[in-house]
Amino acid sequence: MEDMIFYDRLQFAFTITFHYIFPQLTMGLSLMIVYFKWRYLQTKIEKYNDAAKFFMKIFAINFTMGVVTGIPMEFQFGTNWAKFSELTGGIIGQTLAMEGMFSFFLESSFLALFIFGEKLMGQKLHFLTGVLVFLGSWASGYFILATNAWMQHPVGYEILDNGKYVLKNFSALFSNPWLLPAFLHNQIASLTTSSFVVASIGAFYILRNKHLEFGKLFLKTGVIFGFASSLLLAFPTGDWNAKNVAKYQPASFAAMEGIFETEKEGAEIVLIGQPNMVEKKLDNKIAVPNILSFLTYQEWNKQIPGMDQFKKEELPDNIPALYYAYHIMVGLGTVFIAIMFVAVFFLWRKKLFNLKPLLWTIMFLVPFPYIANLTGWYVAELGRQPYLVYGLLKTSEGISPTVSSGNTLFTLLGFVGLYMLLGLLFLVLVGKTIHQGPKLQKH
Amino acid sequence: MELLWFIIIAVVLTMFFILDGYDFGVGIIHLFFAKSEKDKEVIAKSAGLFWDSNEVWLVTAGGLLFMAFPTFYASVFSGFYLPLIIVLWLVVFRAIGLEFRSQFNYQMWKDMWDKAFGISSLLLALFFGIALGNIVRGVNLGGVESGVSVYEGHYFFLPLWDSSFSPLNEHPGVIDWFTIIIGIISVITLAIHGANWIILKTNSSINDSLKPVIYKLNISLAILTIFSLFIWQNIQPNALDNFLDKPYLISFPLIYLTGLIGLFFIKKLKKEIYGFIFSTLLIVGGITSSLASMFPVLLPSTNEINESLTIYNTAAHGYGLSVALSWGIIGFILLFVYMIIQKRLMGGKIDKMDYGH
């Protein structure tokens with residue numbers, strides 16, 4: 001039983017991590033493509049249109065990857081989490097089915113039109129298809145977040161005698177207090193990834209002294225979007241989410257912040273330290289007193305319950321992983337704000353394009369927003385443990401009763417192999433597209 | 001309400017097999033009949049332009065099934081664990097083949113991905129047929145061993161095969177000689193459908209030689225169909241009872257028959273679209289006849305202890321189903337609007353369409 005749960009969780013974690021490399025770029029990038037296309041309509045300067053089309057190529061590669069790695073996600077609810085699906089399908093099936101109906105059809109139909117239909121449609125309609133692709137991709141994020149919000153903070157349901165969850169109130173799924181902050185935080189994080197990618201490609205072109213005009217445009221746009229989105233990630237959206245966790249999942253809050261013991265005079269904020277689960281303390285801790293109480297409740301001396309206040313069964317099952325995921329996310333987010341602030345400052349002073357060390361930094365920054373996005377999701381998912389549906393349904397109660405661990409390990413290995421190939425091809429293709437670069441087209 | 005959702009999901013699933021069905025078929029034809037690079041490219045393109053929006057129908061069918069019949073979704077997806085995951089791998093592999101073949105302009109690269117696309121299309125068509133075969137044959141619900149259920153009554157687990165490969169065995173596997181025959185029927189049907197799509201959408205040089213191919217495939221399809229009906233009758237002695245009880249259900253097999261007969265005239269058809277319509281009828285008739293023959297059962301039980309899964313004992317609660325109907329209607333209206341727009345802009349032959357690379 002234990003190893004069945006372990007492999008089911010590992011397979012889901014692996015496949016969703018790999019999947020989420022792609023949508024986090026496409027959601028943000030679609031907005032930036034709409035921006036480039038809009039600038040083109042405003043100014044009629046050809047480079048904006050070429051930028052939009054160039055990034056739509058990168059978008060399309062990522063979209064394909066997102067689709068092919070996304071289909072297994074939907075089916076794994078049934079294959080590996082059958083009991084969970086059986087019990088809660090009447091509720092989370094709603095939002096998942098809506099994702100298919102309202103976002104995938106929109107996104108896939110109009111993506112094809114955006115790529116193939118520019119000449120057929122004319123510029124205004126072409127812009128409109130770009131907007132529809134953007135709406136489709138954000139709607140997809142919205143429905144997934146609505147599904148996850150219900151698992152984090154279940155609302156609008158009733159539990160029948162046979163253990164099944166039935167929907168009582170449809171609109172409650174969308175007015176869930178967990179949903180809006182999580183959705184905004186997630187979408188802005190996705191915008192961070194895409195703006196860092198755009199800026200990084202720009203820095204690469206400038207450093208290589210190729211496609212200079214585009215290099216400058218990408219870097220400038222990427223840095224401005226990157227600065228704005230990094231700020232919004234921390235405040236108000238990050239702050240809002242942290243308060244939600246403190247309110248609705250206090251045990252997870254204590255674990256992710258690394259508070260082992262409750263402090264009566266207000267909680268400190270931990271910057272660095274390693275959880276020592278044997279002695280129940282943080283090793284090599286660096287912390288600032290009272291800040292966490294202030295950030296969470298705007299009261300310096302407000303008491304925040306530590307892990308000592310909760311029973312072992314209520315606490316997440318992997319506290320160090322949750323703690324690290326959270327601190328990596330927050331740490332990276334802080335670094336992003338700092339670097340992007342410097343970049344925007346030098347952009348304003350008109351020195352950015354010649355500052356080689358900063359250009360190199362921005363170019364190599366590109367993996368980190370991906371890491372921050374993924375660790376952010378790990379915080380949400382590890383923090384929800386040991387539950388699938390917070391407070392109600394344990395993760396161990398949700399797996400497929402008939403699928404043995406040997407079978408799951410077999411399919412997990414298969415996914416690892418297939419996705420390695422996929423990842424390799426993806427890098428080759430994106431590399432090729434970036435290498436070719438956008439072309440100035442004469443009309 | 002259960003009945004309504006059953007019909008909706010059947011329609012969505014049928015749409016998936018009509019739409020993605022032709023691009024599976026295109027893959028099969030591509031594997032065996034496309035010879036020159038020009039043909040290979042345009043034939044791959046006739047699937048490559050559309051596969052992702054076609055596959056959305058699968059995602060939607062999955063989502064709706066999850067929402068409306070969660071117990072069925074949970075039982076079937078975990079019970080057919082291995083074949084389903086293998087199908088997912090093939091779906092991924094096929095998409096890579098389609099999307100990546102034109103990314104580098106040398107023959108070895110293209111040939112490699114063409115094979116990936118062709119073989120995975122063929123295997124997918126086979127697996128979808130095998131899946132249908134399993135559904136109509138039924139499974140050992142509850143995993144009954146010598147009169148005792150090993151699992152809860154609506155769960156089961158099927159190995160890929162059992163050493164006897166017989167559907168009459170007490171514990172048949174996913175692959176037995178009955179499901180293989182249904183699999184082959186599916187491959188032939190989709191190959192015909194794909195060939196019709198190629199004729200309709202491209203000016204490839206093999207268009208004319210595809211018509212006799214369709215004709216020959218259709219003969220073997222007719223023989224296999226009759227053959228499989230006899231075996232089916234053997235495995236499920238009351239397989240055709242529904243048609244006797246409710247004679248109007250016979251219209252579904254008649255749809256299939258119309259498609260089958262129509263395709264014998266493939267060489268004389270005046271418009272290219274007619275061939276495609278006839279193979280569409282084959283798919284519509286095939287799926288609806290199978291579902292109608294079992295109704296209201298979704299998955300028959302092969303033992304006496306646990307009852308078959310039906311649309312009634314696997315459905316979600318009434319409130320959820322009626323709420324979903326209200327957003328579902330809006331969703332379907334939007335969907336048809338997209339389809340009309342897409343049809344208007346991407347209709348006609350696709351040879352000249354710029355692939356955007």
# chains A, B, ... in the order shown; residues from 1 in each chain; ligands from 1
call {"tool": "closest_atom_pairs", "arguments": {"of": "chain A", "to": "chain B", "cutoff": "8 Å", "atoms": "only C-alpha atoms", "output": "CSV"}}
result
residue,atom,partner,partner_atom,distance
A:Thr64,CA,B:Asp52,CA,7.8
A:Val67,CA,B:Asp52,CA,7.7
A:Val68,CA,B:Val92,CA,5.2
A:Thr69,CA,B:Val92,CA,7.2
A:Ile71,CA,B:Val59,CA,6.6
A:Pro72,CA,B:Leu88,CA,6.1
A:Glu74,CA,B:Gly62,CA,7.5
A:Phe75,CA,B:Gly62,CA,7.3
A:Phe77,CA,B:Ala74,CA,7.9
A:Gly78,CA,B:Ala74,CA,4.7
A:Thr79,CA,B:Ser78,CA,4.1
A:Asn80,CA,B:Ser78,CA,6.4
A:Trp81,CA,B:Ala74,CA,7.6
A:Ala82,CA,B:Ala74,CA,4.3
A:Lys83,CA,B:Ala74,CA,6.7
A:Ser85,CA,B:Ala74,CA,5.8
A:Glu86,CA,B:Thr71,CA,4.7
A:Leu87,CA,B:Pro70,CA,7.6
A:Thr88,CA,B:Pro70,CA,7.8
A:Gly89,CA,B:Pro70,CA,4.9
A:Gly90,CA,B:Met67,CA,5.1
A:Ile91,CA,B:Met67,CA,7.0
A:Ile92,CA,B:Met67,CA,7.2
A:Gly93,CA,B:Met67,CA,3.8
A:Gln94,CA,B:Met67,CA,5.4
A:Leu96,CA,B:Gly63,CA,5.7
A:Ala97,CA,B:Gly63,CA,4.0
A:Met98,CA,B:Gly63,CA,7.7
A:Gly100,CA,B:Thr60,CA,4.8
A:Met101,CA,B:Gly331,CA,5.6
A:Phe102,CA,B:Gly331,CA,6.2
A:Phe104,CA,B:Val56,CA,6.3
A:Phe105,CA,B:Val56,CA,6.4
A:Leu106,CA,B:Tyr338,CA,7.4
A:Ser108,CA,B:Ser53,CA,5.2
A:Ser109,CA,B:Ser53,CA,6.0
A:Ala112,CA,B:Leu49,CA,7.4
A:Leu113,CA,B:Gln342,CA,7.5
A:Ile115,CA,B:Gly356,CA,6.2
A:Phe116,CA,B:Gly356,CA,6.4
A:Gly117,CA,B:Leu345,CA,7.5
A:Leu120,CA,B:Leu345,CA,7.5
A:Val166,CA,B:His317,CA,6.1
A:Leu167,CA,B:Gly320,CA,5.6
A:Lys168,CA,B:Tyr319,CA,7.1
A:Phe170,CA,B:Val323,CA,7.2
A:Ser400,CA,B:Ser78,CA,6.2
A:Pro401,CA,B:Tyr151,CA,7.5
A:Thr402,CA,B:Phe157,CA,5.8
A:Val403,CA,B:Ser78,CA,6.5
A:Asn407,CA,B:Leu82,CA,7.5
A:Thr411,CA,B:Ile85,CA,7.0
A:Phe415,CA,B:Trp89,CA,7.7
A:Leu418,CA,B:Trp89,CA,7.5
A:Leu422,CA,B:Ile96,CA,7.9
A:Leu429,CA,B:Gln103,CA,7.5
call {"tool": "write_last_selection", "arguments": {"atoms": "C-alpha atoms", "output": "short mmCIF file (atom, residue, chain, number, x, y, z; two decimals), in the first residue's frame"}}
result
data_model
loop_
_atom_site.label_atom_id
_atom_site.label_comp_id
_atom_site.auth_asym_id
_atom_site.auth_seq_id
_atom_site.Cartn_x
_atom_site.Cartn_y
_atom_site.Cartn_z
CA THR A 64 2.25 21.54 -28.72
CA VAL A 67 -1.08 19.75 -25.24
CA VAL A 68 0.73 16.43 -25.52
CA THR A 69 1.90 16.46 -21.91
CA ILE A 71 -3.65 15.03 -22.08
CA PRO A 72 -1.95 12.49 -19.74
CA GLU A 74 -6.41 14.64 -17.29
CA PHE A 75 -6.39 10.88 -17.77
CA PHE A 77 -7.01 11.35 -12.45
CA GLY A 78 -8.79 8.21 -13.56
CA THR A 79 -5.84 5.86 -14.06
CA ASN A 80 -3.92 6.53 -10.84
CA TRP A 81 -6.41 8.36 -8.60
CA ALA A 82 -9.56 6.39 -9.31
CA LYS A 83 -10.97 6.53 -5.79
CA SER A 85 -12.12 10.64 -9.09
CA GLU A 86 -15.03 8.46 -8.12
CA LEU A 87 -15.68 10.39 -4.91
CA THR A 88 -15.13 13.96 -6.14
CA GLY A 89 -15.69 13.71 -9.91
CA GLY A 90 -19.13 15.28 -9.58
CA ILE A 91 -17.39 18.46 -8.40
CA ILE A 92 -13.92 18.77 -9.90
CA GLY A 93 -15.17 17.15 -13.10
CA GLN A 94 -17.21 20.34 -13.59
CA LEU A 96 -12.04 20.24 -15.64
CA ALA A 97 -14.71 19.70 -18.28
CA MET A 98 -15.24 23.45 -18.51
CA GLY A 100 -11.89 21.62 -22.26
CA MET A 101 -15.02 23.36 -23.49
CA PHE A 102 -14.19 26.97 -22.85
CA PHE A 104 -8.87 24.43 -25.29
CA PHE A 105 -11.22 24.82 -28.21
CA LEU A 106 -10.73 28.58 -28.17
CA SER A 108 -6.37 25.60 -30.46
CA SER A 109 -8.80 26.92 -33.09
CA ALA A 112 -4.05 27.86 -36.08
CA LEU A 113 -5.77 30.94 -37.48
CA ILE A 115 -0.33 31.28 -37.53
CA PHE A 116 -1.84 30.61 -40.94
CA GLY A 117 -4.39 33.32 -41.44
CA LEU A 120 -6.54 35.97 -45.20
CA VAL A 166 -21.87 16.07 -4.47
CA LEU A 167 -22.10 19.60 -5.73
CA LYS A 168 -24.53 21.79 -3.78
CA PHE A 170 -22.04 25.71 -8.45
CA SER A 400 -6.62 3.47 -7.64
CA PRO A 401 -7.33 0.35 -5.60
CA THR A 402 -6.52 -2.07 -8.42
CA VAL A 403 -3.34 -0.65 -9.94
CA ASN A 407 2.46 -1.28 -12.94
CA THR A 411 4.47 3.57 -16.58
CA PHE A 415 6.99 8.62 -18.97
CA LEU A 418 9.46 9.60 -23.33
CA LEU A 422 10.50 15.27 -25.67
CA LEU A 429 13.62 23.28 -31.75
#
call {"tool": "select_by_dssp", "arguments": {"residues": "segment 98-340 of chain B", "states": "strand (DSSP E)", "output": "list in words"}}
result
Val297, Leu298, Leu299, Leu309 and Thr310 of chain B
call {"tool": "residues_around", "arguments": {"residues": "Tyr248 of chain A", "least_positions_apart": "6", "cutoff": "10 Å", "atoms": "only C-alpha atoms", "output": "compact mmCIF listing (two decimals) with C-alpha atoms, in the first residue's frame"}}
result
# COMPACT_ATOMS: atom_id res chain seq x y z
CA GLN A 152 -7.19 23.38 -1.08
CA HIS A 153 -10.31 24.85 0.42
CA PRO A 177 -11.83 32.75 -1.42
CA TRP A 178 -8.80 30.65 -2.37
CA TYR A 390 -7.98 19.62 2.55
call {"tool": "select_by_dssp", "arguments": {"residues": "segment 29-207 of chain A", "states": "alpha helix (DSSP H)", "output": "JSON, numbers by chain"}}
result
{"A": [29, 30, 31, 32, 33, 34, 35, 36, 37, 38, 39, 40, 41, 42, 43, 46, 47, 48, 49, 50, 51, 52, 53, 54, 55, 56, 57, 58, 59, 60, 61, 62, 63, 64, 65, 66, 67, 68, 69, 70, 71, 72, 73, 74, 75, 76, 77, 78, 79, 80, 82, 83, 84, 85, 86, 87, 88, 89, 90, 91, 92, 93, 94, 95, 96, 97, 98, 99, 105, 106, 107, 108, 109, 110, 111, 112, 113, 114, 115, 116, 118, 119, 120, 121, 123, 124, 125, 126, 127, 128, 129, 130, 131, 132, 133, 134, 135, 136, 137, 138, 139, 140, 141, 142, 143, 144, 145, 146, 147, 148, 149, 150, 151, 152, 179, 180, 181, 182, 183, 184, 185, 186, 187, 188, 189, 190, 191, 192, 193, 194, 195, 196, 197, 198, 199, 200, 201, 202, 203, 204, 205, 206, 207]}
call {"tool": "write_last_selection", "arguments": {"atoms": "C-alpha atoms", "output": "short mmCIF file (atom, residue, chain, number, x, y, z; two decimals), in the first residue's frame"}}
result
data_model
loop_
_atom_site.label_atom_id
_atom_site.label_comp_id
_atom_site.auth_asym_id
_atom_site.auth_seq_id
_atom_site.Cartn_x
_atom_site.Cartn_y
_atom_site.Cartn_z
CA LEU A 29 3.74 34.94 -23.69
CA SER A 30 0.27 35.14 -25.25
CA LEU A 31 -0.25 38.43 -23.43
CA MET A 32 3.09 39.76 -24.66
CA ILE A 33 2.26 38.70 -28.22
CA VAL A 34 -1.01 40.60 -27.97
CA TYR A 35 1.04 43.59 -26.74
CA PHE A 36 3.45 43.42 -29.71
CA LYS A 37 0.59 43.06 -32.16
CA TRP A 38 -1.23 45.98 -30.53
CA ARG A 39 1.89 48.14 -30.80
CA TYR A 40 2.06 47.25 -34.45
CA LEU A 41 -1.51 48.33 -35.03
CA GLN A 42 -0.74 51.60 -33.21
CA THR A 43 2.56 52.47 -34.85
CA GLU A 46 6.98 46.43 -39.00
CA LYS A 47 9.32 45.14 -36.27
CA TYR A 48 6.46 44.87 -33.76
CA ASN A 49 4.52 42.62 -36.09
CA ASP A 50 7.61 40.50 -36.74
CA ALA A 51 8.21 40.26 -33.00
CA ALA A 52 4.64 39.05 -32.49
CA LYS A 53 5.04 36.42 -35.20
CA PHE A 54 8.45 35.33 -33.93
CA PHE A 55 7.12 34.75 -30.44
CA MET A 56 4.06 33.02 -31.81
CA LYS A 57 6.48 30.45 -33.29
CA ILE A 58 7.97 29.88 -29.85
CA PHE A 59 4.47 29.86 -28.42
CA ALA A 60 3.39 27.19 -30.92
CA ILE A 61 6.24 24.83 -29.98
CA ASN A 62 5.42 25.27 -26.30
CA PHE A 63 1.71 24.89 -26.99
CA THR A 64 2.25 21.54 -28.72
CA MET A 65 4.35 20.38 -25.78
CA GLY A 66 1.69 21.60 -23.39
CA VAL A 67 -1.08 19.75 -25.24
CA VAL A 68 0.73 16.43 -25.52
CA THR A 69 1.90 16.46 -21.91
CA GLY A 70 -1.46 17.83 -20.74
CA ILE A 71 -3.65 15.03 -22.08
CA PRO A 72 -1.95 12.49 -19.74
CA MET A 73 -2.67 14.79 -16.80
CA GLU A 74 -6.41 14.64 -17.29
CA PHE A 75 -6.39 10.88 -17.77
CA GLN A 76 -4.20 10.23 -14.74
CA PHE A 77 -7.01 11.35 -12.45
CA GLY A 78 -8.79 8.21 -13.56
CA THR A 79 -5.84 5.86 -14.06
CA ASN A 80 -3.92 6.53 -10.84
CA ALA A 82 -9.56 6.39 -9.31
CA LYS A 83 -10.97 6.53 -5.79
CA PHE A 84 -10.46 10.27 -5.67
CA SER A 85 -12.12 10.64 -9.09
CA GLU A 86 -15.03 8.46 -8.12
CA LEU A 87 -15.68 10.39 -4.91
CA THR A 88 -15.13 13.96 -6.14
CA GLY A 89 -15.69 13.71 -9.91
CA GLY A 90 -19.13 15.28 -9.58
CA ILE A 91 -17.39 18.46 -8.40
CA ILE A 92 -13.92 18.77 -9.90
CA GLY A 93 -15.17 17.15 -13.10
CA GLN A 94 -17.21 20.34 -13.59
CA THR A 95 -14.24 22.67 -13.71
CA LEU A 96 -12.04 20.24 -15.64
CA ALA A 97 -14.71 19.70 -18.28
CA MET A 98 -15.24 23.45 -18.51
CA GLU A 99 -11.53 23.84 -19.20
CA PHE A 105 -11.22 24.82 -28.21
CA LEU A 106 -10.73 28.58 -28.17
CA GLU A 107 -6.98 28.33 -27.89
CA SER A 108 -6.37 25.60 -30.46
CA SER A 109 -8.80 26.92 -33.09
CA PHE A 110 -7.49 30.45 -33.02
CA LEU A 111 -3.83 29.55 -32.68
CA ALA A 112 -4.05 27.86 -36.08
CA LEU A 113 -5.77 30.94 -37.48
CA PHE A 114 -3.16 33.27 -36.00
CA ILE A 115 -0.33 31.28 -37.53
CA PHE A 116 -1.84 30.61 -40.94
CA GLU A 118 -2.66 36.69 -41.34
CA LYS A 119 -3.01 37.33 -45.06
CA LEU A 120 -6.54 35.97 -45.20
CA MET A 121 -7.87 38.02 -42.34
CA GLN A 123 -4.43 43.01 -39.43
CA LYS A 124 -7.35 43.82 -37.13
CA LEU A 125 -8.78 40.30 -37.25
CA HIS A 126 -5.30 38.89 -36.84
CA PHE A 127 -4.92 40.94 -33.67
CA LEU A 128 -8.31 39.65 -32.53
CA THR A 129 -7.28 36.00 -33.00
CA GLY A 130 -4.21 36.78 -30.87
CA VAL A 131 -6.49 38.15 -28.14
CA LEU A 132 -8.65 35.00 -28.33
CA VAL A 133 -5.60 32.75 -27.98
CA PHE A 134 -4.63 34.79 -24.92
CA LEU A 135 -8.14 34.50 -23.45
CA GLY A 136 -8.19 30.76 -24.11
CA SER A 137 -4.89 30.18 -22.37
CA TRP A 138 -5.84 32.29 -19.34
CA ALA A 139 -9.25 30.64 -19.10
CA SER A 140 -7.45 27.31 -18.99
CA GLY A 141 -5.37 28.55 -16.06
CA TYR A 142 -8.52 29.83 -14.39
CA PHE A 143 -10.35 26.50 -14.52
CA ILE A 144 -7.31 24.57 -13.30
CA LEU A 145 -6.89 26.99 -10.42
CA ALA A 146 -10.62 26.68 -9.64
CA THR A 147 -10.16 22.90 -9.47
CA ASN A 148 -7.11 23.24 -7.26
CA ALA A 149 -8.79 25.87 -5.08
CA TRP A 150 -11.56 23.39 -4.31
CA MET A 151 -8.99 20.80 -3.26
CA GLN A 152 -7.19 23.38 -1.08
CA LEU A 179 -9.33 31.07 -6.12
CA LEU A 180 -8.78 34.71 -7.03
CA PRO A 181 -5.49 35.29 -5.20
CA ALA A 182 -4.10 31.96 -6.39
CA PHE A 183 -5.18 32.65 -9.97
CA LEU A 184 -3.69 36.15 -10.06
CA HIS A 185 -0.45 34.99 -8.45
CA ASN A 186 -0.16 32.13 -10.91
CA GLN A 187 -0.88 34.24 -13.99
CA ILE A 188 1.54 36.95 -12.98
CA ALA A 189 4.17 34.30 -12.27
CA SER A 190 3.56 33.03 -15.78
CA LEU A 191 4.06 36.57 -17.08
CA THR A 192 7.36 36.66 -15.17
CA THR A 193 8.56 33.52 -16.93
CA SER A 194 7.61 34.84 -20.34
CA SER A 195 9.07 38.30 -19.81
CA PHE A 196 12.35 36.79 -18.57
CA VAL A 197 12.43 34.57 -21.67
CA VAL A 198 11.80 37.57 -23.93
CA ALA A 199 14.46 39.62 -22.12
CA SER A 200 16.91 36.74 -22.21
CA ILE A 201 16.55 36.28 -25.98
CA GLY A 202 16.99 40.03 -26.35
CA ALA A 203 20.18 40.00 -24.26
CA PHE A 204 21.46 37.07 -26.31
CA TYR A 205 20.97 38.92 -29.61
CA ILE A 206 22.66 42.05 -28.28
CA LEU A 207 25.63 40.11 -26.89
#
call {"tool": "residues_around", "arguments": {"residues": "His211 of chain A", "least_positions_apart": "2", "cutoff": "9 Å", "atoms": "only C-alpha atoms", "output": "ChimeraX atom specification"}}
result
/A:202,205-206,208-209,213-216,437-439
call {"tool": "write_last_selection", "arguments": {"atoms": "C-alpha atoms", "output": "PDB file, in the first residue's frame"}}
result
ATOM      1  CA  GLY A 202      16.992  40.031 -26.349  1.00  0.00           C
ATOM      2  CA  TYR A 205      20.970  38.916 -29.608  1.00  0.00           C
ATOM      3  CA  ILE A 206      22.659  42.047 -28.278  1.00  0.00           C
ATOM      4  CA  ARG A 208      25.975  38.200 -30.145  1.00  0.00           C
ATOM      5  CA  ASN A 209      25.581  41.420 -32.093  1.00  0.00           C
ATOM      6  CA  GLU A 213      16.998  45.883 -33.565  1.00  0.00           C
ATOM      7  CA  PHE A 214      14.986  42.975 -32.202  1.00  0.00           C
ATOM      8  CA  GLY A 215      17.451  42.364 -29.399  1.00  0.00           C
ATOM      9  CA  LYS A 216      16.857  45.870 -28.081  1.00  0.00           C
ATOM     10  CA  GLY A 437      15.792  34.844 -35.236  1.00  0.00           C
ATOM     11  CA  PRO A 438      12.933  37.053 -36.336  1.00  0.00           C
ATOM     12  CA  LYS A 439      13.170  38.385 -39.852  1.00  0.00           C
TER      13      LYS A 439
END
call {"tool": "closest_residue", "arguments": {"among": "B:Val187, B:Ile250, B:Ile350, B:Ile29", "to": "Ser220 of chain B", "atoms": "only C-alpha atoms"}}
result
B:Val187
call {"tool": "residues_around", "arguments": {"residues": "Ile371 of chain A", "least_positions_apart": "2", "cutoff": "12 Å", "atoms": "only C-alpha atoms", "output": "PDB file with C-alpha atoms, in the first residue's frame"}}
result
ATOM      1  CA  THR A  17       6.208  19.203 -13.284  1.00  0.00           C
ATOM      2  CA  PHE A  18       7.241  18.455 -16.841  1.00  0.00           C
ATOM      3  CA  TYR A  20       3.965  22.893 -16.299  1.00  0.00           C
ATOM      4  CA  ILE A  21       7.195  23.950 -17.965  1.00  0.00           C
ATOM      5  CA  GLN A  24       3.663  28.791 -17.684  1.00  0.00           C
ATOM      6  CA  ALA A 189       4.171  34.296 -12.268  1.00  0.00           C
ATOM      7  CA  SER A 190       3.562  33.034 -15.776  1.00  0.00           C
ATOM      8  CA  THR A 192       7.357  36.663 -15.170  1.00  0.00           C
ATOM      9  CA  THR A 193       8.560  33.517 -16.928  1.00  0.00           C
ATOM     10  CA  ALA A 325      10.156  24.921  -1.861  1.00  0.00           C
ATOM     11  CA  TYR A 326       8.677  27.951  -0.151  1.00  0.00           C
ATOM     12  CA  HIS A 327      12.016  29.548   0.667  1.00  0.00           C
ATOM     13  CA  ILE A 328      13.390  28.954  -2.823  1.00  0.00           C
ATOM     14  CA  MET A 329      10.306  30.583  -4.350  1.00  0.00           C
ATOM     15  CA  VAL A 330      10.405  33.589  -2.056  1.00  0.00           C
ATOM     16  CA  GLY A 331      14.181  33.927  -2.309  1.00  0.00           C
ATOM     17  CA  LEU A 332      14.146  33.854  -6.095  1.00  0.00           C
ATOM     18  CA  GLY A 333      11.242  36.291  -6.203  1.00  0.00           C
ATOM     19  CA  LEU A 365      18.474  34.227 -15.487  1.00  0.00           C
ATOM     20  CA  VAL A 366      16.057  32.319 -17.674  1.00  0.00           C
ATOM     21  CA  PRO A 367      15.838  28.964 -15.781  1.00  0.00           C
ATOM     22  CA  PHE A 368      15.070  30.660 -12.484  1.00  0.00           C
ATOM     23  CA  PRO A 369      11.516  31.899 -13.069  1.00  0.00           C
ATOM     24  CA  ASN A 373       6.973  28.790 -10.659  1.00  0.00           C
ATOM     25  CA  LEU A 374       7.410  25.084 -10.043  1.00  0.00           C
ATOM     26  CA  THR A 375       8.484  25.476  -6.422  1.00  0.00           C
ATOM     27  CA  GLY A 376       5.460  27.721  -5.935  1.00  0.00           C
ATOM     28  CA  TRP A 377       3.250  24.860  -7.042  1.00  0.00           C
ATOM     29  CA  TYR A 378       5.161  22.475  -4.796  1.00  0.00           C
TER      30      TYR A 378
END
call {"tool": "closest_residue", "arguments": {"among": "B:Ile180, B:Leu298, B:Ala239, B:Ile219", "to": "Leu263 of chain B", "atoms": "only C-alpha atoms"}}
result
B:Ile219
call {"tool": "atom_distance", "arguments": {"atom1": "atom CA of Pro237 of chain B", "atom2": "atom CA of Leu221 of chain B"}}
result
23.0 Å
call {"tool": "atom_distance", "arguments": {"atom1": "atom CA of Asp308 of chain A", "atom2": "atom CA of Glu263 of chain A"}}
result
10.5 Å
call {"tool": "residues_around", "arguments": {"residues": "Gly275 of chain B", "least_positions_apart": "6", "cutoff": "12 Å", "atoms": "only C-alpha atoms", "output": "VMD selection string"}}
result
chain B and resid 192 to 200 210 to 211 214 to 215 218 258 to 269 281 to 282
call {"tool": "atom_distance", "arguments": {"atom1": "atom CA of Gly258 of chain A", "atom2": "atom CA of Asp8 of chain A"}}
result
27.4 Å
